[in-house]
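Visitor: Got a file for you: coords.cif, mmCIF, N, CA and C atoms.
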```cif
data_input
loop_
_atom_site.label_atom_id
_atom_site.label_comp_id
_atom_site.auth_asym_id
_atom_site.auth_seq_id
_atom_site.Cartn_x
_atom_site.Cartn_y
_atom_site.Cartn_z
N MET A 1 56.18 28.58 -3.36
CA MET A 1 55.98 27.47 -2.47
C MET A 1 54.71 27.70 -1.64
N LYS A 2 53.93 26.62 -1.50
CA LYS A 2 52.67 26.73 -0.77
C LYS A 2 52.92 26.50 0.71
N THR A 3 52.23 27.26 1.48
CA THR A 3 52.36 27.07 2.93
C THR A 3 51.36 26.03 3.39
N LYS A 4 51.53 25.63 4.61
CA LYS A 4 50.66 24.59 5.18
C LYS A 4 49.21 25.05 5.25
N THR A 5 48.97 26.29 5.58
CA THR A 5 47.60 26.80 5.66
C THR A 5 46.95 26.85 4.29
N ASN A 6 47.75 27.20 3.26
CA ASN A 6 47.20 27.22 1.91
C ASN A 6 46.82 25.82 1.44
N LYS A 7 47.64 24.83 1.78
CA LYS A 7 47.32 23.45 1.41
C LYS A 7 46.05 22.98 2.11
N ASN A 8 45.94 23.30 3.38
CA ASN A 8 44.73 22.93 4.11
C ASN A 8 43.51 23.65 3.53
N MET A 9 43.70 24.91 3.16
CA MET A 9 42.61 25.68 2.58
C MET A 9 42.18 25.05 1.25
N GLU A 10 43.14 24.65 0.42
CA GLU A 10 42.82 24.01 -0.86
C GLU A 10 42.09 22.70 -0.65
N LYS A 11 42.54 21.90 0.30
CA LYS A 11 41.86 20.63 0.59
C LYS A 11 40.44 20.89 1.05
N THR A 12 40.27 21.87 1.90
CA THR A 12 38.93 22.19 2.41
C THR A 12 38.03 22.66 1.27
N VAL A 13 38.54 23.52 0.40
CA VAL A 13 37.75 24.02 -0.72
C VAL A 13 37.40 22.87 -1.66
N LYS A 14 38.37 22.03 -1.98
CA LYS A 14 38.11 20.88 -2.85
C LYS A 14 37.05 19.97 -2.24
N PHE A 15 37.17 19.74 -0.93
CA PHE A 15 36.22 18.88 -0.24
C PHE A 15 34.80 19.45 -0.36
N TYR A 16 34.64 20.75 -0.07
CA TYR A 16 33.31 21.36 -0.10
C TYR A 16 32.78 21.49 -1.53
N VAL A 17 33.63 21.73 -2.49
CA VAL A 17 33.19 21.76 -3.89
C VAL A 17 32.71 20.37 -4.30
N TYR A 18 33.49 19.36 -3.93
CA TYR A 18 33.10 17.98 -4.24
C TYR A 18 31.77 17.63 -3.57
N LYS A 19 31.64 17.99 -2.28
CA LYS A 19 30.39 17.71 -1.56
C LYS A 19 29.21 18.43 -2.21
N THR A 20 29.39 19.70 -2.57
CA THR A 20 28.32 20.48 -3.19
C THR A 20 27.92 19.87 -4.53
N PHE A 21 28.92 19.49 -5.31
CA PHE A 21 28.63 18.85 -6.60
C PHE A 21 27.88 17.54 -6.40
N LYS A 22 28.31 16.78 -5.41
CA LYS A 22 27.67 15.49 -5.13
C LYS A 22 26.21 15.69 -4.70
N ILE A 23 25.97 16.65 -3.83
CA ILE A 23 24.61 16.92 -3.37
C ILE A 23 23.75 17.39 -4.54
N PHE A 24 24.27 18.30 -5.35
CA PHE A 24 23.56 18.80 -6.51
C PHE A 24 23.23 17.66 -7.48
N PHE A 25 24.18 16.77 -7.70
CA PHE A 25 23.98 15.62 -8.59
C PHE A 25 22.87 14.71 -8.05
N TYR A 26 22.88 14.42 -6.74
CA TYR A 26 21.86 13.54 -6.18
C TYR A 26 20.48 14.20 -6.20
N ILE A 27 20.43 15.50 -6.03
CA ILE A 27 19.14 16.19 -6.13
C ILE A 27 18.60 16.08 -7.55
N LEU A 28 19.46 16.32 -8.54
CA LEU A 28 19.03 16.18 -9.94
C LEU A 28 18.65 14.74 -10.26
N LEU A 29 19.41 13.80 -9.75
CA LEU A 29 19.09 12.39 -9.97
C LEU A 29 17.74 12.04 -9.35
N GLY A 30 17.46 12.53 -8.14
CA GLY A 30 16.18 12.28 -7.49
C GLY A 30 15.02 12.87 -8.26
N ILE A 31 15.20 14.09 -8.77
CA ILE A 31 14.14 14.72 -9.57
C ILE A 31 13.92 13.93 -10.86
N GLY A 32 15.01 13.51 -11.48
CA GLY A 32 14.89 12.72 -12.70
C GLY A 32 14.19 11.40 -12.47
N ILE A 33 14.52 10.73 -11.38
CA ILE A 33 13.86 9.46 -11.06
C ILE A 33 12.39 9.68 -10.76
N ALA A 34 12.05 10.78 -10.05
CA ALA A 34 10.65 11.08 -9.75
C ALA A 34 9.86 11.29 -11.05
N PHE A 35 10.45 12.02 -12.01
CA PHE A 35 9.76 12.22 -13.28
C PHE A 35 9.62 10.91 -14.04
N LEU A 36 10.64 10.09 -14.00
CA LEU A 36 10.59 8.80 -14.69
C LEU A 36 9.55 7.87 -14.08
N VAL A 37 9.49 7.83 -12.75
CA VAL A 37 8.50 6.99 -12.08
C VAL A 37 7.08 7.48 -12.41
N GLY A 38 6.88 8.79 -12.42
CA GLY A 38 5.57 9.35 -12.79
C GLY A 38 5.18 8.97 -14.20
N TYR A 39 6.14 9.03 -15.12
CA TYR A 39 5.86 8.67 -16.51
C TYR A 39 5.52 7.19 -16.63
N ILE A 40 6.28 6.34 -15.96
CA ILE A 40 6.00 4.90 -16.00
C ILE A 40 4.63 4.60 -15.40
N PHE A 41 4.32 5.28 -14.28
CA PHE A 41 3.01 5.09 -13.65
C PHE A 41 1.89 5.51 -14.59
N MET A 42 2.08 6.64 -15.29
CA MET A 42 1.07 7.11 -16.25
C MET A 42 0.87 6.09 -17.37
N ARG A 43 1.96 5.56 -17.90
CA ARG A 43 1.87 4.59 -18.99
C ARG A 43 1.16 3.31 -18.53
N LEU A 44 1.52 2.84 -17.33
CA LEU A 44 0.87 1.63 -16.81
C LEU A 44 -0.61 1.87 -16.57
N TRP A 45 -0.94 3.03 -16.00
CA TRP A 45 -2.34 3.36 -15.74
C TRP A 45 -3.13 3.38 -17.05
N ASN A 46 -2.61 4.10 -18.03
CA ASN A 46 -3.33 4.23 -19.30
C ASN A 46 -3.38 2.92 -20.08
N TRP A 47 -2.48 2.02 -19.78
CA TRP A 47 -2.48 0.73 -20.45
C TRP A 47 -3.47 -0.23 -19.80
N LEU A 48 -3.55 -0.22 -18.46
CA LEU A 48 -4.35 -1.22 -17.76
C LEU A 48 -5.72 -0.75 -17.29
N MET A 49 -5.79 0.38 -16.63
CA MET A 49 -7.01 0.79 -15.93
C MET A 49 -8.22 1.00 -16.84
N PRO A 50 -8.07 1.63 -18.00
CA PRO A 50 -9.27 1.79 -18.84
C PRO A 50 -9.85 0.45 -19.31
N TYR A 51 -9.00 -0.52 -19.54
CA TYR A 51 -9.48 -1.81 -20.05
C TYR A 51 -9.98 -2.72 -18.94
N LEU A 52 -9.33 -2.67 -17.78
CA LEU A 52 -9.74 -3.55 -16.69
C LEU A 52 -10.93 -3.02 -15.92
N PHE A 53 -10.93 -1.72 -15.60
CA PHE A 53 -11.95 -1.17 -14.72
C PHE A 53 -12.78 -0.07 -15.35
N GLY A 54 -12.52 0.26 -16.60
CA GLY A 54 -13.29 1.31 -17.27
C GLY A 54 -12.98 2.71 -16.76
N LEU A 55 -11.82 2.90 -16.15
CA LEU A 55 -11.44 4.22 -15.65
C LEU A 55 -10.87 5.06 -16.79
N PRO A 56 -10.95 6.39 -16.68
CA PRO A 56 -10.44 7.23 -17.77
C PRO A 56 -8.90 7.25 -17.80
N GLU A 57 -8.37 7.60 -18.96
CA GLU A 57 -6.93 7.77 -19.07
C GLU A 57 -6.53 9.06 -18.35
N VAL A 58 -5.28 9.11 -17.89
CA VAL A 58 -4.80 10.28 -17.15
C VAL A 58 -3.59 10.85 -17.86
N ASP A 59 -3.37 12.15 -17.63
CA ASP A 59 -2.15 12.76 -18.16
C ASP A 59 -1.04 12.63 -17.12
N TYR A 60 0.11 13.17 -17.44
CA TYR A 60 1.29 12.98 -16.59
C TYR A 60 1.08 13.53 -15.18
N TRP A 61 0.55 14.75 -15.08
CA TRP A 61 0.43 15.38 -13.76
C TRP A 61 -0.64 14.70 -12.91
N MET A 62 -1.69 14.22 -13.55
CA MET A 62 -2.70 13.47 -12.80
C MET A 62 -2.11 12.16 -12.28
N ALA A 63 -1.31 11.49 -13.11
CA ALA A 63 -0.67 10.25 -12.69
C ALA A 63 0.27 10.50 -11.52
N LEU A 64 1.03 11.59 -11.59
CA LEU A 64 1.94 11.92 -10.50
C LEU A 64 1.16 12.22 -9.22
N GLY A 65 0.01 12.89 -9.36
CA GLY A 65 -0.85 13.18 -8.20
C GLY A 65 -1.44 11.91 -7.61
N ILE A 66 -1.88 10.99 -8.44
CA ILE A 66 -2.42 9.71 -7.95
C ILE A 66 -1.33 8.93 -7.22
N LEU A 67 -0.14 8.92 -7.81
CA LEU A 67 0.97 8.21 -7.19
C LEU A 67 1.32 8.82 -5.83
N LEU A 68 1.39 10.14 -5.76
CA LEU A 68 1.70 10.81 -4.50
C LEU A 68 0.60 10.56 -3.46
N LEU A 69 -0.66 10.64 -3.89
CA LEU A 69 -1.77 10.38 -2.98
C LEU A 69 -1.73 8.95 -2.45
N SER A 70 -1.43 8.00 -3.31
CA SER A 70 -1.37 6.61 -2.85
C SER A 70 -0.21 6.41 -1.88
N LYS A 71 0.90 7.11 -2.11
CA LYS A 71 2.03 7.01 -1.19
C LYS A 71 1.69 7.64 0.16
N ILE A 72 0.94 8.72 0.16
CA ILE A 72 0.53 9.35 1.41
C ILE A 72 -0.42 8.44 2.17
N ILE A 73 -1.37 7.84 1.46
CA ILE A 73 -2.37 6.99 2.12
C ILE A 73 -1.76 5.67 2.59
N PHE A 74 -1.01 5.00 1.73
CA PHE A 74 -0.53 3.66 2.03
C PHE A 74 0.90 3.63 2.57
N GLY A 75 1.57 4.76 2.63
CA GLY A 75 2.91 4.81 3.18
C GLY A 75 3.98 4.71 2.11
N PHE A 76 5.17 5.06 2.52
CA PHE A 76 6.27 5.10 1.58
C PHE A 76 7.11 3.84 1.61
N GLY A 77 6.70 2.82 2.36
CA GLY A 77 7.41 1.55 2.36
C GLY A 77 8.80 1.65 2.94
N GLY A 78 8.92 2.32 4.08
CA GLY A 78 10.23 2.57 4.67
C GLY A 78 10.87 1.34 5.28
N GLY A 79 10.23 0.20 5.29
CA GLY A 79 10.82 -0.99 5.87
C GLY A 79 10.73 -0.98 7.38
N ASN A 80 11.44 -1.90 8.00
CA ASN A 80 11.39 -2.01 9.45
C ASN A 80 12.20 -0.93 10.14
N GLY A 81 13.34 -0.57 9.60
CA GLY A 81 14.16 0.46 10.22
C GLY A 81 14.64 0.02 11.59
N SER A 82 15.13 0.96 12.34
CA SER A 82 15.63 0.63 13.67
C SER A 82 14.55 0.79 14.71
N GLY A 83 13.43 1.40 14.36
CA GLY A 83 12.24 1.63 15.17
C GLY A 83 12.26 1.15 16.61
N ASN A 84 11.15 1.25 17.25
CA ASN A 84 11.01 0.88 18.64
C ASN A 84 10.96 -0.64 18.77
N SER A 85 11.79 -1.20 19.61
CA SER A 85 11.84 -2.65 19.74
C SER A 85 10.58 -3.21 20.39
N LYS A 86 9.88 -2.40 21.20
CA LYS A 86 8.64 -2.87 21.81
C LYS A 86 7.58 -3.11 20.75
N LYS A 87 7.50 -2.22 19.77
CA LYS A 87 6.54 -2.41 18.68
C LYS A 87 6.85 -3.69 17.91
N LYS A 88 8.12 -3.92 17.68
CA LYS A 88 8.54 -5.10 16.94
C LYS A 88 8.17 -6.37 17.71
N LYS A 89 8.39 -6.35 19.04
CA LYS A 89 8.05 -7.51 19.85
C LYS A 89 6.55 -7.75 19.84
N LYS A 90 5.77 -6.68 19.90
CA LYS A 90 4.32 -6.83 19.86
C LYS A 90 3.88 -7.47 18.55
N LYS A 91 4.44 -7.00 17.45
CA LYS A 91 4.07 -7.57 16.16
C LYS A 91 4.44 -9.04 16.08
N ASP A 92 5.66 -9.37 16.50
CA ASP A 92 6.10 -10.77 16.46
C ASP A 92 5.24 -11.64 17.36
N GLY A 93 4.91 -11.16 18.54
CA GLY A 93 4.07 -11.92 19.46
C GLY A 93 2.68 -12.13 18.90
N PHE A 94 2.14 -11.11 18.26
CA PHE A 94 0.81 -11.24 17.67
C PHE A 94 0.81 -12.29 16.58
N LYS A 95 1.81 -12.30 15.76
CA LYS A 95 1.87 -13.26 14.67
C LYS A 95 1.94 -14.68 15.19
N LYS A 96 2.66 -14.89 16.27
CA LYS A 96 2.82 -16.24 16.79
C LYS A 96 1.57 -16.74 17.50
N ASP A 97 0.93 -15.85 18.27
CA ASP A 97 -0.15 -16.30 19.14
C ASP A 97 -1.55 -16.15 18.55
N SER A 98 -1.73 -15.36 17.53
CA SER A 98 -3.08 -15.01 17.11
C SER A 98 -3.87 -16.18 16.54
N CYS A 99 -3.26 -17.01 15.75
CA CYS A 99 -4.01 -18.07 15.07
C CYS A 99 -3.49 -19.46 15.38
N SER A 100 -2.69 -19.60 16.39
CA SER A 100 -2.08 -20.90 16.65
C SER A 100 -3.08 -21.93 17.16
N ASN A 101 -4.13 -21.49 17.85
CA ASN A 101 -5.09 -22.43 18.42
C ASN A 101 -6.24 -22.75 17.46
N ILE A 102 -6.35 -22.00 16.39
CA ILE A 102 -7.46 -22.19 15.47
C ILE A 102 -7.09 -23.25 14.44
N LYS A 103 -7.99 -24.20 14.26
CA LYS A 103 -7.80 -25.22 13.23
C LYS A 103 -8.76 -24.90 12.10
N TRP A 104 -8.21 -24.65 10.94
CA TRP A 104 -9.01 -24.27 9.80
C TRP A 104 -9.40 -25.52 9.02
N ASP A 105 -10.72 -25.72 8.86
CA ASP A 105 -11.22 -26.85 8.10
C ASP A 105 -12.00 -26.30 6.92
N PHE A 106 -11.37 -26.28 5.78
CA PHE A 106 -12.00 -25.73 4.60
C PHE A 106 -12.69 -26.81 3.76
N SER A 107 -12.71 -28.03 4.22
CA SER A 107 -13.31 -29.10 3.42
C SER A 107 -14.82 -28.89 3.27
N GLN A 108 -15.45 -28.19 4.21
CA GLN A 108 -16.89 -27.97 4.12
C GLN A 108 -17.24 -26.89 3.10
N TRP A 109 -16.29 -26.05 2.76
CA TRP A 109 -16.57 -24.94 1.86
C TRP A 109 -16.79 -25.38 0.42
N LYS A 110 -16.43 -26.60 0.07
CA LYS A 110 -16.62 -27.04 -1.31
C LYS A 110 -18.11 -27.15 -1.66
N HIS A 111 -18.99 -27.22 -0.65
CA HIS A 111 -20.42 -27.32 -0.88
C HIS A 111 -21.14 -25.98 -0.75
N TYR A 112 -20.40 -24.93 -0.44
CA TYR A 112 -21.02 -23.63 -0.18
C TYR A 112 -21.78 -23.11 -1.40
N ASP A 113 -21.17 -23.14 -2.58
CA ASP A 113 -21.82 -22.61 -3.78
C ASP A 113 -23.10 -23.38 -4.10
N ASP A 114 -23.02 -24.72 -3.98
CA ASP A 114 -24.22 -25.51 -4.25
C ASP A 114 -25.33 -25.17 -3.26
N PHE A 115 -24.99 -25.03 -1.97
CA PHE A 115 -25.99 -24.69 -0.97
C PHE A 115 -26.63 -23.34 -1.28
N TRP A 116 -25.82 -22.36 -1.62
CA TRP A 116 -26.36 -21.03 -1.87
C TRP A 116 -27.27 -21.02 -3.09
N GLU A 117 -26.91 -21.78 -4.11
CA GLU A 117 -27.77 -21.84 -5.30
C GLU A 117 -29.08 -22.53 -4.99
N GLU A 118 -29.05 -23.59 -4.18
CA GLU A 118 -30.26 -24.35 -3.91
C GLU A 118 -31.11 -23.72 -2.81
N GLU A 119 -30.50 -23.36 -1.69
CA GLU A 119 -31.28 -22.96 -0.53
C GLU A 119 -30.96 -21.57 -0.01
N GLY A 120 -29.91 -20.95 -0.46
CA GLY A 120 -29.40 -19.73 0.14
C GLY A 120 -30.39 -18.58 0.15
N GLU A 121 -30.94 -18.25 -0.99
CA GLU A 121 -31.81 -17.10 -1.04
C GLU A 121 -33.10 -17.34 -0.26
N GLN A 122 -33.64 -18.53 -0.38
CA GLN A 122 -34.87 -18.84 0.35
C GLN A 122 -34.60 -18.86 1.86
N SER A 123 -33.47 -19.40 2.26
CA SER A 123 -33.13 -19.41 3.69
C SER A 123 -32.96 -18.00 4.21
N TYR A 124 -32.39 -17.13 3.41
CA TYR A 124 -32.22 -15.75 3.83
C TYR A 124 -33.59 -15.06 3.98
N LYS A 125 -34.49 -15.31 3.04
CA LYS A 125 -35.82 -14.72 3.14
C LYS A 125 -36.56 -15.23 4.37
N ASN A 126 -36.40 -16.53 4.68
CA ASN A 126 -37.02 -17.09 5.89
C ASN A 126 -36.44 -16.43 7.14
N TYR A 127 -35.16 -16.18 7.16
CA TYR A 127 -34.51 -15.53 8.29
C TYR A 127 -35.04 -14.11 8.48
N ILE A 128 -35.21 -13.38 7.39
CA ILE A 128 -35.73 -12.02 7.46
C ILE A 128 -37.15 -12.03 8.01
N GLU A 129 -37.96 -12.95 7.54
CA GLU A 129 -39.34 -13.06 8.04
C GLU A 129 -39.35 -13.37 9.53
N LYS A 130 -38.45 -14.26 9.97
CA LYS A 130 -38.36 -14.60 11.38
C LYS A 130 -37.99 -13.38 12.21
N LYS A 131 -37.05 -12.58 11.74
CA LYS A 131 -36.63 -11.37 12.46
C LYS A 131 -37.76 -10.35 12.52
N ARG A 132 -38.51 -10.23 11.43
CA ARG A 132 -39.64 -9.29 11.42
C ARG A 132 -40.71 -9.73 12.41
N ALA A 133 -40.96 -11.05 12.47
CA ALA A 133 -41.96 -11.56 13.41
C ALA A 133 -41.51 -11.33 14.85
N GLU A 134 -40.23 -11.53 15.12
CA GLU A 134 -39.70 -11.26 16.45
C GLU A 134 -39.82 -9.79 16.80
N ALA A 135 -39.54 -8.91 15.84
CA ALA A 135 -39.63 -7.47 16.08
C ALA A 135 -41.07 -7.06 16.32
N ALA A 136 -42.02 -7.71 15.64
CA ALA A 136 -43.43 -7.37 15.84
C ALA A 136 -43.89 -7.78 17.23
N HIS A 137 -43.38 -8.93 17.76
CA HIS A 137 -43.77 -9.40 19.09
C HIS A 137 -43.05 -8.64 20.19
N ASN A 138 -41.84 -8.15 19.90
CA ASN A 138 -41.03 -7.46 20.89
C ASN A 138 -40.55 -6.12 20.30
N PRO A 139 -41.39 -5.09 20.34
CA PRO A 139 -41.06 -3.83 19.66
C PRO A 139 -39.93 -3.02 20.32
N THR A 140 -39.54 -3.33 21.56
CA THR A 140 -38.50 -2.55 22.22
C THR A 140 -37.10 -2.91 21.70
N LYS A 141 -36.95 -4.09 21.16
CA LYS A 141 -35.66 -4.53 20.61
C LYS A 141 -35.51 -3.98 19.19
N PRO A 142 -34.35 -3.40 18.85
CA PRO A 142 -34.17 -2.88 17.49
C PRO A 142 -33.97 -3.96 16.46
#
```
Would it be possible to restate this file's structure as structure tokens?

Guide:
Amino acid sequence: MKTKTNKNMEKTVKFYVYKTFKIFFYILLGIGIAFLVGYIFMRLWNWLMPYLFGLPEVDYWMALGILLLSKIIFGFGGGNGSGNSKKKKKKDGFKKDSCSNIKWDFSQWKHYDDFWEEEGEQSYKNYIEKKRAEAAHNPTKP
């Protein structure tokens, strides 16, 4: 017959064995996913980048390094999280107030390409000549 302490001991051992197995499984799963993501990134890179941008093909470890470097530079995409509420309020306030008073009129932009083809380069050269003449008359100004 098992005593109460032995039953508690068995439950505790089972619990910790289960927890250890679970942690070990998730570590292996994470490593497997990391290798799979690296492989997918390598395949996508070698499929697209040489043809689109003329970049060289990469092997698996180079692809994993590029992926890690991009994650370090651009962040890991952790989402909003519970973070500081003041930062969140600042972001929300900026989004609401930053462009509310500006009225965007893009109707004039349809003529931009025609203007640049007809007058753009010559207008730019005239502007440069004007700046040079101003600099010659006023040498103290950069």

Visitor: Do a neighbour search on stretch 55-68 of chain A at 8 Å with only N, CA and C atoms, toss out local chain neighbours closer than 4 positions, and write the hits as a list in words.

Guide: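 Surrounding residues, per the criterion: Ala34, Val37, Gly38, Tyr39, Phe41, Met42, Arg43, Trp45, Asn46, Trp47, Leu48, Met49, Pro50, Tyr51, Ile72, Ile73 and Phe74 of chain A.
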
Visitor: Quick one: pull the distance between atom C of A:Leu69 and atom CA of A:Ile33, Å, one decimal.

Guide: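 Distance between the two atoms: 17.8 Å.
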
Visitor: One decimal, in Å: what's the spacing between atom N of A:Leu29 and atom C of A:Gly77?

Guide: 20.5 Å

Visitor: Take stretch 56-66 of chain A, bring it up to all heavy atoms, and give me the output as a PDB file, in the frame of the given file.

Guide:
```
ATOM      1  N   PRO A  56     -10.950   6.390 -16.680  1.00  0.00           N
ATOM      2  CA  PRO A  56     -10.440   7.230 -17.770  1.00  0.00           C
ATOM      3  C   PRO A  56      -8.900   7.250 -17.800  1.00  0.00           C
ATOM      4  O   PRO A  56      -8.245   6.963 -16.797  1.00  0.00           O
ATOM      5  CB  PRO A  56     -10.984   8.611 -17.423  1.00  0.00           C
ATOM      6  CG  PRO A  56     -11.160   8.587 -15.950  1.00  0.00           C
ATOM      7  CD  PRO A  56     -11.553   7.174 -15.609  1.00  0.00           C
ATOM      8  N   GLU A  57      -8.370   7.600 -18.960  1.00  0.00           N
ATOM      9  CA  GLU A  57      -6.930   7.770 -19.070  1.00  0.00           C
ATOM     10  C   GLU A  57      -6.530   9.060 -18.350  1.00  0.00           C
ATOM     11  O   GLU A  57      -7.330   9.978 -18.217  1.00  0.00           O
ATOM     12  CB  GLU A  57      -6.513   7.826 -20.531  1.00  0.00           C
ATOM     13  CG  GLU A  57      -6.654   6.496 -21.228  1.00  0.00           C
ATOM     14  CD  GLU A  57      -6.072   6.500 -22.623  1.00  0.00           C
ATOM     15  OE1 GLU A  57      -5.565   7.545 -23.066  1.00  0.00           O
ATOM     16  OE2 GLU A  57      -6.127   5.451 -23.270  1.00  0.00           O
ATOM     17  N   VAL A  58      -5.280   9.110 -17.890  1.00  0.00           N
ATOM     18  CA  VAL A  58      -4.800  10.280 -17.150  1.00  0.00           C
ATOM     19  C   VAL A  58      -3.590  10.850 -17.860  1.00  0.00           C
ATOM     20  O   VAL A  58      -2.876  10.155 -18.581  1.00  0.00           O
ATOM     21  CB  VAL A  58      -4.443   9.909 -15.695  1.00  0.00           C
ATOM     22  CG1 VAL A  58      -5.657   9.446 -14.928  1.00  0.00           C
ATOM     23  CG2 VAL A  58      -3.358   8.852 -15.637  1.00  0.00           C
ATOM     24  N   ASP A  59      -3.370  12.150 -17.630  1.00  0.00           N
ATOM     25  CA  ASP A  59      -2.150  12.760 -18.160  1.00  0.00           C
ATOM     26  C   ASP A  59      -1.040  12.630 -17.120  1.00  0.00           C
ATOM     27  O   ASP A  59      -1.230  12.038 -16.059  1.00  0.00           O
ATOM     28  CB  ASP A  59      -2.381  14.219 -18.563  1.00  0.00           C
ATOM     29  CG  ASP A  59      -2.755  15.103 -17.381  1.00  0.00           C
ATOM     30  OD1 ASP A  59      -2.820  14.610 -16.243  1.00  0.00           O
ATOM     31  OD2 ASP A  59      -2.977  16.315 -17.603  1.00  0.00           O
ATOM     32  N   TYR A  60       0.110  13.170 -17.440  1.00  0.00           N
ATOM     33  CA  TYR A  60       1.290  12.980 -16.590  1.00  0.00           C
ATOM     34  C   TYR A  60       1.080  13.530 -15.180  1.00  0.00           C
ATOM     35  O   TYR A  60       1.377  12.870 -14.197  1.00  0.00           O
ATOM     36  CB  TYR A  60       2.514  13.639 -17.233  1.00  0.00           C
ATOM     37  CG  TYR A  60       3.718  13.559 -16.347  1.00  0.00           C
ATOM     38  CD1 TYR A  60       4.444  12.392 -16.257  1.00  0.00           C
ATOM     39  CD2 TYR A  60       4.107  14.647 -15.577  1.00  0.00           C
ATOM     40  CE1 TYR A  60       5.541  12.299 -15.429  1.00  0.00           C
ATOM     41  CE2 TYR A  60       5.203  14.560 -14.745  1.00  0.00           C
ATOM     42  CZ  TYR A  60       5.919  13.398 -14.676  1.00  0.00           C
ATOM     43  OH  TYR A  60       6.990  13.302 -13.845  1.00  0.00           O
ATOM     44  N   TRP A  61       0.550  14.750 -15.080  1.00  0.00           N
ATOM     45  CA  TRP A  61       0.430  15.380 -13.760  1.00  0.00           C
ATOM     46  C   TRP A  61      -0.640  14.700 -12.910  1.00  0.00           C
ATOM     47  O   TRP A  61      -0.509  14.608 -11.690  1.00  0.00           O
ATOM     48  CB  TRP A  61       0.163  16.870 -13.912  1.00  0.00           C
ATOM     49  CG  TRP A  61       1.337  17.549 -14.525  1.00  0.00           C
ATOM     50  CD1 TRP A  61       1.415  18.051 -15.792  1.00  0.00           C
ATOM     51  CD2 TRP A  61       2.632  17.729 -13.934  1.00  0.00           C
ATOM     52  NE1 TRP A  61       2.668  18.560 -16.017  1.00  0.00           N
ATOM     53  CE2 TRP A  61       3.445  18.377 -14.890  1.00  0.00           C
ATOM     54  CE3 TRP A  61       3.190  17.419 -12.707  1.00  0.00           C
ATOM     55  CZ2 TRP A  61       4.757  18.711 -14.644  1.00  0.00           C
ATOM     56  CZ3 TRP A  61       4.506  17.760 -12.454  1.00  0.00           C
ATOM     57  CH2 TRP A  61       5.275  18.398 -13.414  1.00  0.00           C
ATOM     58  N   MET A  62      -1.690  14.220 -13.550  1.00  0.00           N
ATOM     59  CA  MET A  62      -2.700  13.470 -12.800  1.00  0.00           C
ATOM     60  C   MET A  62      -2.110  12.160 -12.280  1.00  0.00           C
ATOM     61  O   MET A  62      -2.366  11.750 -11.146  1.00  0.00           O
ATOM     62  CB  MET A  62      -3.925  13.192 -13.674  1.00  0.00           C
ATOM     63  CG  MET A  62      -4.739  14.422 -13.984  1.00  0.00           C
ATOM     64  SD  MET A  62      -6.022  14.122 -15.202  1.00  0.00           S
ATOM     65  CE  MET A  62      -7.139  13.092 -14.298  1.00  0.00           C
ATOM     66  N   ALA A  63      -1.310  11.490 -13.110  1.00  0.00           N
ATOM     67  CA  ALA A  63      -0.670  10.250 -12.690  1.00  0.00           C
ATOM     68  C   ALA A  63       0.270  10.500 -11.520  1.00  0.00           C
ATOM     69  O   ALA A  63       0.311   9.720 -10.560  1.00  0.00           O
ATOM     70  CB  ALA A  63       0.084   9.621 -13.852  1.00  0.00           C
ATOM     71  N   LEU A  64       1.030  11.590 -11.590  1.00  0.00           N
ATOM     72  CA  LEU A  64       1.940  11.920 -10.500  1.00  0.00           C
ATOM     73  C   LEU A  64       1.160  12.220  -9.220  1.00  0.00           C
ATOM     74  O   LEU A  64       1.552  11.812  -8.131  1.00  0.00           O
ATOM     75  CB  LEU A  64       2.810  13.119 -10.894  1.00  0.00           C
ATOM     76  CG  LEU A  64       4.144  13.252 -10.205  1.00  0.00           C
ATOM     77  CD1 LEU A  64       5.007  12.020 -10.439  1.00  0.00           C
ATOM     78  CD2 LEU A  64       4.859  14.491 -10.680  1.00  0.00           C
ATOM     79  N   GLY A  65       0.010  12.890  -9.360  1.00  0.00           N
ATOM     80  CA  GLY A  65      -0.850  13.180  -8.200  1.00  0.00           C
ATOM     81  C   GLY A  65      -1.440  11.910  -7.610  1.00  0.00           C
ATOM     82  O   GLY A  65      -1.490  11.757  -6.379  1.00  0.00           O
ATOM     83  N   ILE A  66      -1.880  10.990  -8.440  1.00  0.00           N
ATOM     84  CA  ILE A  66      -2.420   9.710  -7.950  1.00  0.00           C
ATOM     85  C   ILE A  66      -1.330   8.930  -7.220  1.00  0.00           C
ATOM     86  O   ILE A  66      -1.554   8.359  -6.158  1.00  0.00           O
ATOM     87  CB  ILE A  66      -3.005   8.883  -9.118  1.00  0.00           C
ATOM     88  CG1 ILE A  66      -4.239   9.568  -9.689  1.00  0.00           C
ATOM     89  CG2 ILE A  66      -3.350   7.474  -8.656  1.00  0.00           C
ATOM     90  CD1 ILE A  66      -4.711   8.962 -10.993  1.00  0.00           C
TER      91      ILE A  66
END
```
